[in-house]
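*Asks:* Next up is a structure, given as structure tokens.
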Amino acid sequence: MEPIVEVHNLHKQYKKRKTNEFTQAVSDVSFAVYPGEILGLLGPNGAGKTTTIKMICGLLRQDEGTITIKGIDNKKKRLKALRHISAVLEGNRNLYWRLTVRENLEYFAGNRGKSKREVREKIERFLRDFHLKEKEHELVNRLSRGMQQKLAIAVAMLADTEVILLDEPTLGIDIETSYEVREILKQIVKDAKKTIIISSHDMDVIQDICERTVIINQGQIVIDEKIDNLLKLFAVRNYKLTLGAPLTTEQQRLLREKFPAYQYEETDHLQAVIEVDLAGNEEFYDLFDLLKLAKTPVESIDREMVNFEQIFMKIVKGEGGNGLAQPS
Amino acid sequence: MAWLNLLKANLKKEYLELKRYLPNTIAMILTFYIIFLGLFGVIQMVGDPTTQDANTQYVIVNYIFWFLTITIINSIGYEVINEAMRGTLEQLSMSPMGIWRIMAARLLSTTVINLTIVIALLYVSMATAGQWLNIDVVTLVPIMLLTLVGMFGISFIIAGISIILKQVQAFLQILQFILMALAFIPLSLSPIIQFLPFVKGFDMVREVMIHGVSLSQFAMNDFLVLLASALFYFALGLGVFIYCERVAMEKGLLAHY
């Protein structure tokens with residue numbers, strides 16, 4: 001299958017105004033998104049997510065590299081590429097607060113050259129599906145943040161493009177509305193067969209709706225993998241060992257050396273617990289060799305369940321270790 | 001058809017916002033009228049009685065057209081700044097119609113709305129002063145259309161600068177006085193100034209409204225200068241705007257928040 005969005009060797013740097021130095025925002029970023037896929041673009045603050053999203057939207061020009069949307073180079077034929085893409089970048093800030101819900105929908109449709117008649121049915125459907133019908137004549141500045149967010153998504157949907165980019169779609173909204181937004185997004189992918197690229201700090205949202213994730217840190221991709229694979233991989237690797245005696249000082253030194261991300265706790269004089277991330281069999285053997293040094297009894301071994309947020313933190317901190325798929 | 005839909009959408013938006021900010025609009029019109037009354041009063045009290053009528057007529061025409069240039073040219077600058085701060089400029093920039101077409105639609109819309117206000121103000125000013133100017137529609141329409149084309153060019157330059165410079169408000173305030181000079185300057189001062197933006201157009205409007213010159217009485221050269229000036233400033237404005245948009249996309253300046 002041909003990718004619908006292809007990002008290849010993207011580079012972008014900004015010049016600092018005061019010092020005239022350059023900051024590398026994005027460096028050698030490449031990934032592809034396939035039709036119907038929901039991709040989570042993640043990274044800590046300042047990692048380069050928004051820069052990447054804005055370059056895909058054609059709002060920011062890359063210094064090097066190419067972005068194609070449905071095979072159209074978005075630098076060379078920007079307006080043609082924009083026919084296939086829409087975005088919610090700042091959520092409620094992307095709306096006209098002195099216009100009503102319906103007026104915003106009609107205005108943005110008009111700005112894409114569509115007539116009121118063309119979009120009438122779709123507006124009705126979105127007002128219904130997004131639970132905005134009762135508020136259709138309400139000024140946007142009188143809506144709750146969650147309602148505004150839903151309207152911003154409806155505006156993007158009305159553009160009827162194959163690709164939708166969402167930058168922090170659940171930022172600043174309550175749990176109930178966040179859940180509602182997630183359900184709407186799932187429905188969009190299911191019914192409208194859209195391709196969605198979503199950037200969020202809310203790992204629950206990413207875990208809930210995305211199939212694949214690209215994690216960016218310091219402007220570079222550190223992982224490009226299916227979320228299910230990551231969950232399985234990290235679930236297998238995370239272990240909790242309950243010991244029948246505390247570790248000796250020498251054992252603790254070796255543990256620190258071999259497994260820097262370990263957690264060790266002595267529950268009382270007779271028991272201790274080690275939580276450790278084991279990437280493969282070799283590390284398992286190393287741990288048992290270490291325990292064998294003082295013939296430390298092992299009472300139980302449990303596999304720890306990890307959530308996506310913990311996985312994200314491990315990857316960003318560089319604790320991914322071996323066994324992770326490398327970015328394409 | 002897409003162009004027409006774009007224009008309709010923007011005309012409706014401009015009208016709705018004008019309606020929603022009605023107190024601001026009323027305050028703006030009242031301010032205009034009070035300043036006009038002040039100018040009129042000064043002419044009546046300290047002006048030379050022999051040239052009083054002529055002076056009043058000049059003030060009406062110049063002041064009305066200055067108001068028109070401010071509402072069209074300055075407002076597009078403020079609008080771009082506001083849109084960039086709100087976050088809507090990025091959303092507009094994502095339209096496959098292209099931001100310059102959206103800005104052109106905005107300009108046309110604000111012009112239609114502001115022309116309506118200006119025409120009403122013109123009649124109110126004439127009634128207040130008791131001076132009835134020559135409103136020869138057949139002669140005024142082509143002159144005004146060409147003058148507005150040049151004015152749109154300058155508006156595009158202002159809009160472009162407003163995208164890339166965050167602290168442009170101070171310049172927009174100074175711009176009001178530059179526009180005042182261009183609206184009030186008589187062409188008799190020097191023939192060179194007819195090539196300045198919309199100076200030729202305003203001079204021809206003055207000739208029609210004050211001296212009663214008709215379409216056939218203008219020399220072909222007058223219209224050629226007006227046309228050349230309009231096309232030059234429009235092309236220049238569009239070029240500057242597209243260049244500024246490109247710079248903004250290189251540097252990530254489409255949002256100012």
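Here's how to read the names in the structure tokens: chain A, B, ... by the order shown, residue numbers from 1 in each chain, ligand numbers from 1 in the order shown.
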I need the chain B residues near chain A as an mmCIF file with N, CA, C and O atoms, in the first residue's frame; criterion: at most 9 Å, counting only C-alpha atoms.
*Replies:*
```
data_model
loop_
_atom_site.group_PDB
_atom_site.id
_atom_site.type_symbol
_atom_site.label_atom_id
_atom_site.label_comp_id
_atom_site.auth_asym_id
_atom_site.auth_seq_id
_atom_site.Cartn_x
_atom_site.Cartn_y
_atom_site.Cartn_z
ATOM 1 N N MET B 1 -16.400 29.709 -9.229
ATOM 2 C CA MET B 1 -17.417 29.476 -8.198
ATOM 3 C C MET B 1 -16.791 29.481 -6.786
ATOM 4 O O MET B 1 -17.361 30.034 -5.856
ATOM 5 N N ALA B 2 -15.604 28.841 -6.704
ATOM 6 C CA ALA B 2 -14.916 28.795 -5.407
ATOM 7 C C ALA B 2 -14.589 30.221 -4.931
ATOM 8 O O ALA B 2 -14.732 30.537 -3.753
ATOM 9 N N TRP B 3 -14.189 31.066 -5.876
ATOM 10 C CA TRP B 3 -13.891 32.470 -5.590
ATOM 11 C C TRP B 3 -15.121 33.169 -5.011
ATOM 12 O O TRP B 3 -15.037 33.909 -4.037
ATOM 13 N N LEU B 4 -16.251 32.925 -5.647
ATOM 14 C CA LEU B 4 -17.495 33.568 -5.228
ATOM 15 C C LEU B 4 -17.886 33.112 -3.815
ATOM 16 O O LEU B 4 -18.289 33.916 -2.970
ATOM 17 N N ASN B 5 -17.727 31.800 -3.568
ATOM 18 C CA ASN B 5 -18.039 31.264 -2.237
ATOM 19 C C ASN B 5 -17.123 31.868 -1.169
ATOM 20 O O ASN B 5 -17.553 32.175 -0.064
ATOM 21 N N LEU B 6 -15.862 32.029 -1.566
ATOM 22 C CA LEU B 6 -14.883 32.634 -0.657
ATOM 23 C C LEU B 6 -15.285 34.076 -0.328
ATOM 24 O O LEU B 6 -15.278 34.494 0.835
ATOM 25 N N LEU B 7 -15.679 34.805 -1.355
ATOM 26 C CA LEU B 7 -16.075 36.203 -1.175
ATOM 27 C C LEU B 7 -17.336 36.303 -0.311
ATOM 28 O O LEU B 7 -17.412 37.126 0.614
ATOM 29 N N LYS B 8 -18.296 35.422 -0.603
ATOM 30 C CA LYS B 8 -19.557 35.446 0.168
ATOM 31 C C LYS B 8 -19.290 35.160 1.645
ATOM 32 O O LYS B 8 -19.829 35.823 2.530
ATOM 33 N N ALA B 9 -18.443 34.160 1.897
ATOM 34 C CA ALA B 9 -18.137 33.780 3.288
ATOM 35 C C ALA B 9 -17.489 34.949 4.029
ATOM 36 O O ALA B 9 -17.828 35.239 5.178
ATOM 37 N N ASN B 10 -16.562 35.631 3.359
ATOM 38 C CA ASN B 10 -15.856 36.727 4.025
ATOM 39 C C ASN B 10 -16.726 37.965 4.194
ATOM 40 O O ASN B 10 -16.612 38.672 5.192
ATOM 41 N N LYS B 12 -19.909 37.901 4.653
ATOM 42 C CA LYS B 12 -20.817 37.606 5.769
ATOM 43 C C LYS B 12 -20.073 37.746 7.107
ATOM 44 O O LYS B 12 -20.598 38.322 8.055
ATOM 45 N N LYS B 13 -18.856 37.241 7.148
ATOM 46 C CA LYS B 13 -18.079 37.320 8.399
ATOM 47 C C LYS B 13 -17.828 38.786 8.786
ATOM 48 O O LYS B 13 -18.008 39.161 9.950
ATOM 49 N N LEU B 16 -21.036 40.269 10.052
ATOM 50 C CA LEU B 16 -21.409 39.762 11.381
ATOM 51 C C LEU B 16 -20.533 40.365 12.472
ATOM 52 O O LEU B 16 -21.022 40.735 13.540
ATOM 53 N N GLU B 17 -19.233 40.458 12.193
ATOM 54 C CA GLU B 17 -18.334 41.012 13.211
ATOM 55 C C GLU B 17 -18.611 42.498 13.444
ATOM 56 O O GLU B 17 -18.541 42.978 14.562
ATOM 57 N N ARG B 20 -21.596 42.484 15.622
ATOM 58 C CA ARG B 20 -21.308 42.039 16.993
ATOM 59 C C ARG B 20 -20.488 43.081 17.766
ATOM 60 O O ARG B 20 -20.524 43.125 18.974
ATOM 61 N N TYR B 21 -19.665 43.840 17.021
ATOM 62 C CA TYR B 21 -18.886 44.898 17.670
ATOM 63 C C TYR B 21 -19.556 46.244 17.414
ATOM 64 O O TYR B 21 -18.884 47.249 17.175
ATOM 65 N N MET B 85 -2.566 36.521 16.459
ATOM 66 C CA MET B 85 -2.592 36.341 17.900
ATOM 67 C C MET B 85 -3.662 35.350 18.343
ATOM 68 O O MET B 85 -3.462 34.580 19.271
ATOM 69 N N ARG B 86 -4.782 35.352 17.659
ATOM 70 C CA ARG B 86 -5.871 34.417 17.994
ATOM 71 C C ARG B 86 -5.493 32.971 17.633
ATOM 72 O O ARG B 86 -5.914 32.043 18.285
ATOM 73 N N GLY B 87 -4.737 32.820 16.546
ATOM 74 C CA GLY B 87 -4.415 31.473 16.067
ATOM 75 C C GLY B 87 -5.185 31.122 14.815
ATOM 76 O O GLY B 87 -5.015 30.037 14.255
ATOM 77 N N THR B 88 -6.048 32.030 14.363
ATOM 78 C CA THR B 88 -6.861 31.725 13.182
ATOM 79 C C THR B 88 -6.094 31.935 11.872
ATOM 80 O O THR B 88 -6.465 31.377 10.849
ATOM 81 N N LEU B 89 -5.007 32.721 11.923
ATOM 82 C CA LEU B 89 -4.246 32.968 10.691
ATOM 83 C C LEU B 89 -3.663 31.654 10.157
ATOM 84 O O LEU B 89 -3.646 31.419 8.949
ATOM 85 N N GLU B 90 -3.217 30.800 11.083
ATOM 86 C CA GLU B 90 -2.683 29.504 10.658
ATOM 87 C C GLU B 90 -3.771 28.681 9.990
ATOM 88 O O GLU B 90 -3.536 28.016 8.988
ATOM 89 N N GLN B 91 -4.964 28.750 10.565
ATOM 90 C CA GLN B 91 -6.077 27.985 10.009
ATOM 91 C C GLN B 91 -6.417 28.503 8.607
ATOM 92 O O GLN B 91 -6.668 27.714 7.704
ATOM 93 N N LEU B 92 -6.386 29.821 8.440
ATOM 94 C CA LEU B 92 -6.662 30.406 7.122
ATOM 95 C C LEU B 92 -5.574 30.008 6.132
ATOM 96 O O LEU B 92 -5.850 29.742 4.956
ATOM 97 N N SER B 93 -4.332 29.960 6.632
ATOM 98 C CA SER B 93 -3.207 29.627 5.749
ATOM 99 C C SER B 93 -3.273 28.189 5.254
ATOM 100 O O SER B 93 -2.565 27.822 4.330
ATOM 101 N N MET B 94 -4.081 27.390 5.913
ATOM 102 C CA MET B 94 -4.210 25.986 5.484
ATOM 103 C C MET B 94 -5.274 25.797 4.420
ATOM 104 O O MET B 94 -5.518 24.675 3.984
ATOM 105 N N SER B 95 -5.906 26.888 4.008
ATOM 106 C CA SER B 95 -6.927 26.751 2.969
ATOM 107 C C SER B 95 -6.265 26.556 1.607
ATOM 108 O O SER B 95 -5.316 27.278 1.279
ATOM 109 N N PRO B 96 -6.745 25.603 0.827
ATOM 110 C CA PRO B 96 -6.153 25.425 -0.511
ATOM 111 C C PRO B 96 -6.418 26.606 -1.444
ATOM 112 O O PRO B 96 -5.865 26.662 -2.533
ATOM 113 N N MET B 97 -7.248 27.562 -1.003
ATOM 114 C CA MET B 97 -7.474 28.752 -1.818
ATOM 115 C C MET B 97 -6.245 29.677 -1.763
ATOM 116 O O MET B 97 -6.058 30.522 -2.633
ATOM 117 N N GLY B 98 -5.445 29.547 -0.718
ATOM 118 C CA GLY B 98 -4.270 30.419 -0.582
ATOM 119 C C GLY B 98 -4.633 31.646 0.232
ATOM 120 O O GLY B 98 -5.702 32.231 0.052
ATOM 121 N N ILE B 102 -7.730 34.794 0.238
ATOM 122 C CA ILE B 102 -8.599 35.071 1.392
ATOM 123 C C ILE B 102 -8.475 36.548 1.779
ATOM 124 O O ILE B 102 -9.476 37.217 2.038
ATOM 125 N N ARG B 246 5.973 33.867 2.507
ATOM 126 C CA ARG B 246 7.051 32.888 2.367
ATOM 127 C C ARG B 246 8.050 33.014 3.527
ATOM 128 O O ARG B 246 8.452 32.005 4.119
ATOM 129 N N ALA B 248 7.402 34.229 6.436
ATOM 130 C CA ALA B 248 6.706 33.768 7.644
ATOM 131 C C ALA B 248 6.730 32.246 7.730
ATOM 132 O O ALA B 248 6.879 31.679 8.813
ATOM 133 N N MET B 249 6.610 31.588 6.588
ATOM 134 C CA MET B 249 6.621 30.122 6.601
ATOM 135 C C MET B 249 8.031 29.562 6.808
ATOM 136 O O MET B 249 8.195 28.474 7.310
ATOM 137 N N GLU B 250 9.042 30.329 6.403
ATOM 138 C CA GLU B 250 10.428 29.901 6.647
ATOM 139 C C GLU B 250 10.723 30.003 8.145
ATOM 140 O O GLU B 250 11.368 29.149 8.727
ATOM 141 N N LYS B 251 10.238 31.102 8.752
ATOM 142 C CA LYS B 251 10.627 31.394 10.139
ATOM 143 C C LYS B 251 9.576 30.985 11.164
ATOM 144 O O LYS B 251 9.795 31.161 12.369
ATOM 145 N N GLY B 252 8.448 30.482 10.692
ATOM 146 C CA GLY B 252 7.403 30.070 11.627
ATOM 147 C C GLY B 252 6.720 31.245 12.294
ATOM 148 O O GLY B 252 6.559 31.265 13.511
ATOM 149 N N LEU B 253 6.333 32.252 11.510
ATOM 150 C CA LEU B 253 5.762 33.471 12.097
ATOM 151 C C LEU B 253 4.253 33.612 11.872
ATOM 152 O O LEU B 253 3.702 34.675 12.119
ATOM 153 N N LEU B 254 3.620 32.546 11.396
ATOM 154 C CA LEU B 254 2.187 32.680 11.112
ATOM 155 C C LEU B 254 1.336 32.773 12.380
ATOM 156 O O LEU B 254 0.170 33.112 12.326
#
```
*Asks:* What lies within 12 Å of segment 231-235 of chain B using only C-alpha atoms, ignoring chain neighbours under 5 positions off, as a VMD selection string?
*Replies:* chain B and resid 104 145 to 157 195 to 199 224 to 226 240 to 242
*Asks:* Hey, what does DSSP flag as helix (DSSP H, G or I) within segment 143-235 of chain B? Can you give it to me as JSON, numbers by chain?
*Replies:* {"B": [143, 144, 145, 146, 147, 148, 149, 150, 151, 152, 153, 154, 155, 156, 157, 158, 159, 160, 161, 162, 163, 164, 169, 170, 171, 172, 173, 174, 175, 176, 177, 178, 179, 180, 181, 182, 183, 184, 187, 188, 189, 191, 192, 193, 194, 195, 199, 200, 201, 202, 203, 204, 205, 206, 207, 208, 209, 210, 211, 215, 216, 217, 220, 221, 222, 223, 224, 225, 226, 227, 228, 229, 230, 231, 232, 233, 234, 235]}
*Asks:* Could you pull out the strand (DSSP E) residues of segment 16-135 of chain A from DSSP and send them as number ranges by chain?
*Replies:* A: 22-33, 38-42, 64-69, 72-73, 85-88
*Asks:* One decimal, Å: what's the distance from atom CA of His131 of chain A over to atom CA of Ile184 of chain A, could you say?
*Replies:*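 Taking atom CA of His131 of chain A as the start and atom CA of Ile184 of chain A as the end point, the length is 10.2 Å.
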*Asks:* As a list in words, please: the residues near segment 173-179 of chain A (cut-off 10 Å, only C-alpha atoms, same-chain neighbours under 3 positions excluded).
*Replies:*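 Final neighbour list, sorted by chain and number: Ser144, Arg145, Gly146, Met147, Gln148, Gln149, Lys150, Pro169, Thr170, Arg182, Glu183, Ile184, Leu185, Asp202, Asp204, Val205 and Asp208 of chain A.
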*Asks:* Can you write out the residues you just picked, keeping all heavy atoms, as a CSV table (one decimal), in the first residue's frame?
*Replies:*
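Final output, saved to result21.csv:
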```
chain,number,residue,atom,x,y,z
A,144,SER,N,-18.0,26.0,26.5
A,144,SER,CA,-16.9,25.5,27.3
A,144,SER,C,-15.7,25.1,26.4
A,144,SER,O,-15.9,25.0,25.2
A,144,SER,CB,-17.4,24.2,28.0
A,144,SER,OG,-17.6,23.2,27.1
A,145,ARG,N,-14.6,25.0,27.1
A,145,ARG,CA,-13.4,24.6,26.3
A,145,ARG,C,-13.6,23.3,25.5
A,145,ARG,O,-13.1,23.2,24.4
A,145,ARG,CB,-12.2,24.5,27.3
A,145,ARG,CG,-11.0,23.9,26.7
A,145,ARG,CD,-9.8,24.8,26.7
A,145,ARG,NE,-8.8,24.3,25.8
A,145,ARG,CZ,-7.6,24.8,25.7
A,145,ARG,NH1,-7.3,25.8,26.4
A,145,ARG,NH2,-6.7,24.2,24.9
A,146,GLY,N,-14.2,22.4,26.2
A,146,GLY,CA,-14.5,21.1,25.5
A,146,GLY,C,-15.3,21.2,24.3
A,146,GLY,O,-15.1,20.6,23.2
A,147,MET,N,-16.4,22.0,24.4
A,147,MET,CA,-17.3,22.3,23.2
A,147,MET,C,-16.5,23.0,22.1
A,147,MET,O,-16.6,22.6,20.9
A,147,MET,CB,-18.4,23.2,23.6
A,147,MET,CG,-19.4,22.6,24.5
A,147,MET,SD,-20.8,22.0,23.5
A,147,MET,CE,-21.9,21.5,24.8
A,148,GLN,N,-15.6,23.9,22.5
A,148,GLN,CA,-14.8,24.6,21.5
A,148,GLN,C,-13.9,23.6,20.8
A,148,GLN,O,-13.7,23.7,19.6
A,148,GLN,CB,-14.0,25.7,22.2
A,148,GLN,CG,-14.8,26.9,22.7
A,148,GLN,CD,-14.0,27.8,23.5
A,148,GLN,OE1,-13.0,27.5,24.0
A,148,GLN,NE2,-14.6,29.0,23.7
A,149,GLN,N,-13.3,22.7,21.6
A,149,GLN,CA,-12.4,21.7,21.0
A,149,GLN,C,-13.2,20.8,20.0
A,149,GLN,O,-12.7,20.5,18.9
A,149,GLN,CB,-11.9,20.9,22.1
A,149,GLN,CG,-10.7,20.1,21.7
A,149,GLN,CD,-9.4,20.9,21.5
A,149,GLN,OE1,-9.3,22.0,22.0
A,149,GLN,NE2,-8.6,20.4,20.6
A,150,LYS,N,-14.4,20.4,20.4
A,150,LYS,CA,-15.2,19.6,19.5
A,150,LYS,C,-15.5,20.4,18.2
A,150,LYS,O,-15.5,19.8,17.1
A,150,LYS,CB,-16.5,19.1,20.2
A,150,LYS,CG,-16.2,18.1,21.2
A,150,LYS,CD,-17.5,17.4,21.6
A,150,LYS,CE,-18.4,18.2,22.5
A,150,LYS,NZ,-19.6,17.6,22.9
A,169,PRO,N,-5.3,17.5,21.0
A,169,PRO,CA,-6.8,17.6,20.9
A,169,PRO,C,-7.5,17.6,22.3
A,169,PRO,O,-8.6,18.1,22.4
A,169,PRO,CB,-7.3,16.5,20.0
A,169,PRO,CG,-6.2,15.5,20.2
A,169,PRO,CD,-4.9,16.2,20.4
A,170,THR,N,-6.8,17.0,23.3
A,170,THR,CA,-7.5,17.0,24.6
A,170,THR,C,-6.9,17.9,25.7
A,170,THR,O,-7.3,17.8,26.8
A,170,THR,CB,-7.5,15.5,25.1
A,170,THR,OG1,-6.2,15.0,25.1
A,170,THR,CG2,-8.4,14.6,24.3
A,182,ARG,N,-12.3,11.4,22.3
A,182,ARG,CA,-11.7,10.1,21.9
A,182,ARG,C,-12.7,9.3,21.1
A,182,ARG,O,-12.4,8.7,20.1
A,182,ARG,CB,-11.3,9.3,23.1
A,182,ARG,CG,-9.9,9.7,23.6
A,182,ARG,CD,-9.5,8.7,24.7
A,182,ARG,NE,-9.4,9.4,26.0
A,182,ARG,CZ,-9.1,8.8,27.1
A,182,ARG,NH1,-9.0,7.4,27.1
A,182,ARG,NH2,-9.0,9.4,28.2
A,183,GLU,N,-13.9,9.2,21.6
A,183,GLU,CA,-14.9,8.4,21.0
A,183,GLU,C,-15.2,9.0,19.6
A,183,GLU,O,-15.4,8.2,18.6
A,183,GLU,CB,-16.2,8.3,21.8
A,183,GLU,CG,-16.1,7.5,23.1
A,183,GLU,CD,-15.6,6.1,22.9
A,183,GLU,OE1,-16.2,5.4,22.1
A,183,GLU,OE2,-14.6,5.8,23.5
A,184,ILE,N,-15.3,10.3,19.5
A,184,ILE,CA,-15.5,10.9,18.2
A,184,ILE,C,-14.4,10.6,17.2
A,184,ILE,O,-14.7,10.2,16.1
A,184,ILE,CB,-15.6,12.5,18.4
A,184,ILE,CG1,-17.0,12.8,19.1
A,184,ILE,CG2,-15.5,13.2,17.1
A,184,ILE,CD1,-17.1,14.3,19.5
A,185,LEU,N,-13.2,10.7,17.7
A,185,LEU,CA,-12.0,10.4,16.8
A,185,LEU,C,-12.1,8.9,16.3
A,185,LEU,O,-11.8,8.7,15.2
A,185,LEU,CB,-10.7,10.7,17.5
A,185,LEU,CG,-10.5,12.1,17.9
A,185,LEU,CD1,-9.2,12.3,18.7
A,185,LEU,CD2,-10.4,13.0,16.6
A,202,ASP,N,-1.3,13.4,26.4
A,202,ASP,CA,-2.2,12.5,27.1
A,202,ASP,C,-2.0,11.0,26.6
A,202,ASP,O,-2.5,10.7,25.6
A,202,ASP,CB,-3.6,12.9,26.9
A,202,ASP,CG,-4.6,12.2,27.8
A,202,ASP,OD1,-4.2,11.1,28.3
A,202,ASP,OD2,-5.7,12.7,28.0
A,204,ASP,N,-3.0,8.3,27.7
A,204,ASP,CA,-4.3,7.5,27.6
A,204,ASP,C,-4.9,7.6,26.3
A,204,ASP,O,-5.4,6.6,25.7
A,204,ASP,CB,-5.2,7.9,28.7
A,204,ASP,CG,-4.8,7.5,30.1
A,204,ASP,OD1,-3.9,6.6,30.1
A,204,ASP,OD2,-5.3,8.0,31.1
A,205,VAL,N,-4.9,8.8,25.8
A,205,VAL,CA,-5.5,9.1,24.5
A,205,VAL,C,-4.8,8.3,23.4
A,205,VAL,O,-5.4,7.7,22.6
A,205,VAL,CB,-5.5,10.6,24.2
A,205,VAL,CG1,-6.0,10.9,22.7
A,205,VAL,CG2,-6.4,11.4,25.1
A,208,ASP,N,-5.3,4.7,23.7
A,208,ASP,CA,-6.7,4.3,23.4
A,208,ASP,C,-7.0,4.3,21.9
A,208,ASP,O,-7.7,3.5,21.4
A,208,ASP,CB,-7.6,5.3,24.1
A,208,ASP,CG,-9.0,4.8,24.2
A,208,ASP,OD1,-9.2,3.7,23.9
A,208,ASP,OD2,-9.9,5.7,24.4
```
*Asks:* I need the residue nearest Val118 of chain B from this list: B:Phe32, B:Trp100, B:Phe177, B:Trp132. Use only C-alpha atoms for the distance.
*Replies:*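 Result for the nearest residue to Val118 of chain B: B:Phe32.
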